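Structure, as structure tokens:
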Amino acid sequence: MTKRQITADFPFVDAFDAVQANLPGAPLDWLQTARRDALARFRDQALPNRRVEAWKYTDLGALAKTDFAAPEGPISDALTARIAKTGDPDAIRLVIANGRLDSTLSNTADLPAGAHLLPMSVALGSHADLLQDHVARVTALDGDGLLALNAAFMMDGYVLIVDDAATIEPTIEVVFAGDGGQGPVALHPRNVIVMGQGSTAAIIETHLGDGVYWTNPLTDVVMGEDANLRRYKVQQDAPAAFHLAHDQVSLATGAHYQGFLGAFGAKLARQSMTAGINGSGVAFDVAGAYLLRDAQHNDITTVVDHAAAGSTSKQIFKGVLDDAARGVFQGKVAVHKDAQKTDAHQLNNALLLSDKAEIDAKPELEIYADDVKCAHGATAGDLDENELFYLQARGIDAADARRLLVSAFVKAALDEIDRAPIRARFESLVDTWLDRADG
Amino acid sequence: MAPILEIKNLHATVDGKSVLNGIDLAINPGEVHAIMGPNGSGKSTLSYVLAGRNGYQVTEGSITYNGADLTEMEPEIRAREGVFLAFQYPVEIPGVAGTTFLKTAYNAVRKHRGEKELDAMQFLKLVRAKQAELDMTDDMVRRPVNVGFSGGEKKRYEMLQMAMLEPSLAILDETDSGLDIDALKTVADGINALRSPDRAMLMITHYQRLLGYVVPDFVHVLAGGKIVRSGDKSLALELEKEGYAVLGTEAA
């Protein structure tokens, strides 16, 4: 049998018994059982290697060779100061530092009625039934070793519950910080979003940190009928960090999910997401921009599963790759036999600013219905010489001209964000990335 | 009086193919020169060589611009020094707002000339004044560069940029192509408004049409990468009547 695993010998895994005593919900028997079962699954599955189709372009070899421990102690003052300056200072926010709620940096006092925002450690007590259902759902997922590890070592993340018909206007902030200053640490945040029928909310996550750390977040989103969620994610992890995230989104009739990912950081990053479209009139819209340099690697792997008729999905990703950076886009759209009138659209455009940069794009359509519209496109290219010359011929120097053209390229994804202040935040992140290119 | 542009024995290749084969041309301040010639005679190549486009290689001869060696300058430096090429085919740039483009260009040129950059309000006021003269709307100026413009609108937008950047050498490459008579008049008015004693213009055109509205001081005929005849405006009329064939050149 061909080996489809990378065996990893992580110190935090060996220390499971000691580590789990300090994890959220440690005294809960049902959770302990779930954690132990998940650990057994990880021992069986290990990490996927590149023979596994979904991991064809992303190699976890370097991750497996790193001695990750469980996080201990507080994060550094420098990192704390950076968290305080991240995002909107007046926002409702949760800060999760090294897998644990930081209550002094968090502020949920102004949370409007109808919304409940809690760290996992608290929600396990206050919303036990809901979380038991959630953990059962995660256990049932057909996942890989990374998912099993998150299930075994589940740490603080956010739990957002929005009541039926509630509209939560302000964008909620969550900041995840990883601090590998005392040696490499592995973090397994768990997030749960439960949107009630006809509810509306928006949340922005920022991931940042210092040193060598591995964050392995798992987010479970359950959207009730006609629920509307805007979910933004800023991945600005440290240059030596690993970010391997999975989102599981389930959508009932009429639900609308608008996701946006801005990926700028980490040495190795992967965002996988699976959307289960289980009703008609669903709109699953995700967009994103990944801007990479040096030897950064960013993988976006999506599975959109149209199991019901009359729904739409849209994916628009723009990648900018400099130096020896590598981007991966794997987008799978499955349309079941009964999912007639599905309208699925998928696009990945990559801009290669260097001869050594690389993009691997693999769109995959699996269509069993006959009355559907499915479009996919993937392009890769460098900057247009005609456009560059036109700008230069007007006095704009080559560096500024490239900058204008790269911003313009990314803008097509950013334009998918319908909240102006959030769009402006991503624009400024893109500008910051471009500033570094000039330096 | 020193010429603004002095071209001597200019030879140039495009992708290794020789296209210009010994051009001599001097343009003094205040003069408008027209270069006419059949397709493939090297007209557009000359404009790109002057603007400094990649791949257009000067192999022999010299180009002196206001006393300096033009061939030594990057395209953006030429532009800042006052060389303006109005493109035959202005480039569409999706995602770059026209105002951002124009302001970046304008301030880059001002900065180079040691002038103060304009703030957003001052800049807007200036653009508004210039765009009105060219019958352009706010919407056209704000739109992504050249995106969704008709042929005539693109040419008017070139004229707007020229009016903003106030070049000392304007090269107009087939500015009349693709224009209906109304657009031609608007564009010609724009060019005439910029004629001044300290500015030089080089109009590159296949047809005599534009020259009826912007009357040149000199007309040159380019064929086979060389100037084969020079004269005054009557030469343009003669060519219009007789066609390029009378030149009896290989490229005709």
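Residue numbering restarts at 1 for every chain of the structure tokens, chains are lettered A, B, ... in their displayed order, and ligands are numbered from 1 as they appear.
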Step one, run DSSP on the backbone; step two, keep only residues of region 32-204 of chain B assigned to strand (DSSP E); then write them as a PDB file with C-alpha atoms, in the first residue's frame.
```pdb
ATOM      1  CA  VAL B  32       4.299  72.126 -35.727  1.00  0.00           C
ATOM      2  CA  HIS B  33       5.678  69.389 -37.950  1.00  0.00           C
ATOM      3  CA  ALA B  34       3.632  66.710 -39.621  1.00  0.00           C
ATOM      4  CA  ILE B  35       5.028  63.354 -40.582  1.00  0.00           C
ATOM      5  CA  MET B  36       3.034  61.530 -43.188  1.00  0.00           C
ATOM      6  CA  TYR B  56      12.636  49.894 -29.703  1.00  0.00           C
ATOM      7  CA  GLN B  57      16.378  49.991 -30.012  1.00  0.00           C
ATOM      8  CA  VAL B  58      18.376  52.947 -31.350  1.00  0.00           C
ATOM      9  CA  THR B  59      21.299  51.439 -33.259  1.00  0.00           C
ATOM     10  CA  GLU B  60      22.816  54.541 -34.805  1.00  0.00           C
ATOM     11  CA  GLY B  61      22.492  58.304 -34.755  1.00  0.00           C
ATOM     12  CA  SER B  62      21.295  60.611 -32.009  1.00  0.00           C
ATOM     13  CA  ILE B  63      18.216  62.212 -30.504  1.00  0.00           C
ATOM     14  CA  THR B  64      18.849  65.466 -28.690  1.00  0.00           C
ATOM     15  CA  TYR B  65      16.051  66.931 -26.655  1.00  0.00           C
ATOM     16  CA  ALA B  68      20.234  66.414 -23.638  1.00  0.00           C
ATOM     17  CA  ASP B  69      20.557  62.880 -24.999  1.00  0.00           C
ATOM     18  CA  VAL B  83       7.906  64.674 -23.913  1.00  0.00           C
ATOM     19  CA  PHE B  84       4.291  63.660 -24.393  1.00  0.00           C
ATOM     20  CA  LEU B  85       3.144  60.870 -26.674  1.00  0.00           C
ATOM     21  CA  ALA B  86      -0.544  60.868 -27.514  1.00  0.00           C
ATOM     22  CA  LEU B 169       7.300  68.309 -27.134  1.00  0.00           C
ATOM     23  CA  ALA B 170       3.969  66.766 -28.044  1.00  0.00           C
ATOM     24  CA  ILE B 171       3.987  63.736 -30.337  1.00  0.00           C
ATOM     25  CA  LEU B 172       0.555  62.969 -31.709  1.00  0.00           C
ATOM     26  CA  ASP B 173       0.431  59.492 -33.173  1.00  0.00           C
ATOM     27  CA  ALA B 200       6.985  71.894 -30.347  1.00  0.00           C
ATOM     28  CA  MET B 201       4.582  69.430 -31.924  1.00  0.00           C
ATOM     29  CA  LEU B 202       5.065  66.399 -34.088  1.00  0.00           C
ATOM     30  CA  MET B 203       1.909  65.101 -35.729  1.00  0.00           C
ATOM     31  CA  ILE B 204       2.065  61.640 -37.185  1.00  0.00           C
TER      32      ILE B 204
END
```
Considering only C-alpha atoms, give me a table of residues in chain A that are at most 10 Å from chain B, with the closest atom pair and distance in Å for each, as JSON lines.
```
{"residue": "A:Asp384", "atom": "CA", "partner": "B:Ile93", "partner_atom": "CA", "distance": 9.4}
{"residue": "A:Glu385", "atom": "CA", "partner": "B:Asn54", "partner_atom": "CA", "distance": 8.8}
{"residue": "A:Asn386", "atom": "CA", "partner": "B:Val91", "partner_atom": "CA", "distance": 6.8}
{"residue": "A:Glu387", "atom": "CA", "partner": "B:Val91", "partner_atom": "CA", "distance": 6.2}
{"residue": "A:Leu388", "atom": "CA", "partner": "B:Ile93", "partner_atom": "CA", "distance": 9.5}
{"residue": "A:Phe389", "atom": "CA", "partner": "B:Arg53", "partner_atom": "CA", "distance": 6.8}
{"residue": "A:Tyr390", "atom": "CA", "partner": "B:Val91", "partner_atom": "CA", "distance": 6.7}
{"residue": "A:Leu391", "atom": "CA", "partner": "B:Ala105", "partner_atom": "CA", "distance": 7.8}
{"residue": "A:Gln392", "atom": "CA", "partner": "B:Glu76", "partner_atom": "CA", "distance": 4.6}
{"residue": "A:Ala393", "atom": "CA", "partner": "B:Glu76", "partner_atom": "CA", "distance": 5.5}
{"residue": "A:Arg394", "atom": "CA", "partner": "B:Ala105", "partner_atom": "CA", "distance": 5.6}
{"residue": "A:Gly395", "atom": "CA", "partner": "B:Glu76", "partner_atom": "CA", "distance": 4.1}
{"residue": "A:Ile396", "atom": "CA", "partner": "B:Ala105", "partner_atom": "CA", "distance": 5.4}
{"residue": "A:Asp397", "atom": "CA", "partner": "B:Glu76", "partner_atom": "CA", "distance": 5.5}
{"residue": "A:Ala398", "atom": "CA", "partner": "B:Glu76", "partner_atom": "CA", "distance": 7.7}
{"residue": "A:Asp400", "atom": "CA", "partner": "B:Thr104", "partner_atom": "CA", "distance": 8.8}
{"residue": "A:Ala401", "atom": "CA", "partner": "B:Phe101", "partner_atom": "CA", "distance": 9.4}
{"residue": "A:Leu404", "atom": "CA", "partner": "B:Val96", "partner_atom": "CA", "distance": 6.8}
{"residue": "A:Leu405", "atom": "CA", "partner": "B:Val96", "partner_atom": "CA", "distance": 7.1}
{"residue": "A:Val406", "atom": "CA", "partner": "B:Gly95", "partner_atom": "CA", "distance": 9.3}
{"residue": "A:Ser407", "atom": "CA", "partner": "B:Gly95", "partner_atom": "CA", "distance": 7.7}
{"residue": "A:Ala408", "atom": "CA", "partner": "B:Gly95", "partner_atom": "CA", "distance": 4.2}
{"residue": "A:Phe409", "atom": "CA", "partner": "B:Gly95", "partner_atom": "CA", "distance": 6.6}
{"residue": "A:Val410", "atom": "CA", "partner": "B:Gly95", "partner_atom": "CA", "distance": 8.5}
{"residue": "A:Lys411", "atom": "CA", "partner": "B:Gly95", "partner_atom": "CA", "distance": 6.5}
{"residue": "A:Ala412", "atom": "CA", "partner": "B:Gly95", "partner_atom": "CA", "distance": 7.2}
```
ask   = How many Å separate CA of Val162 (chain A) from CA of Ala255 (chain A)?
value =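 Answer for the CA of Val162 (chain A) to CA of Ala255 (chain A) separation: 13.7 Å.
Between Ala236 (chain B) and the residues B:Gly37, B:Asp24, B:Glu115, B:Asp189, the shortest atom-to-atom distance, using only C-alpha atoms, involves B:Gly37.
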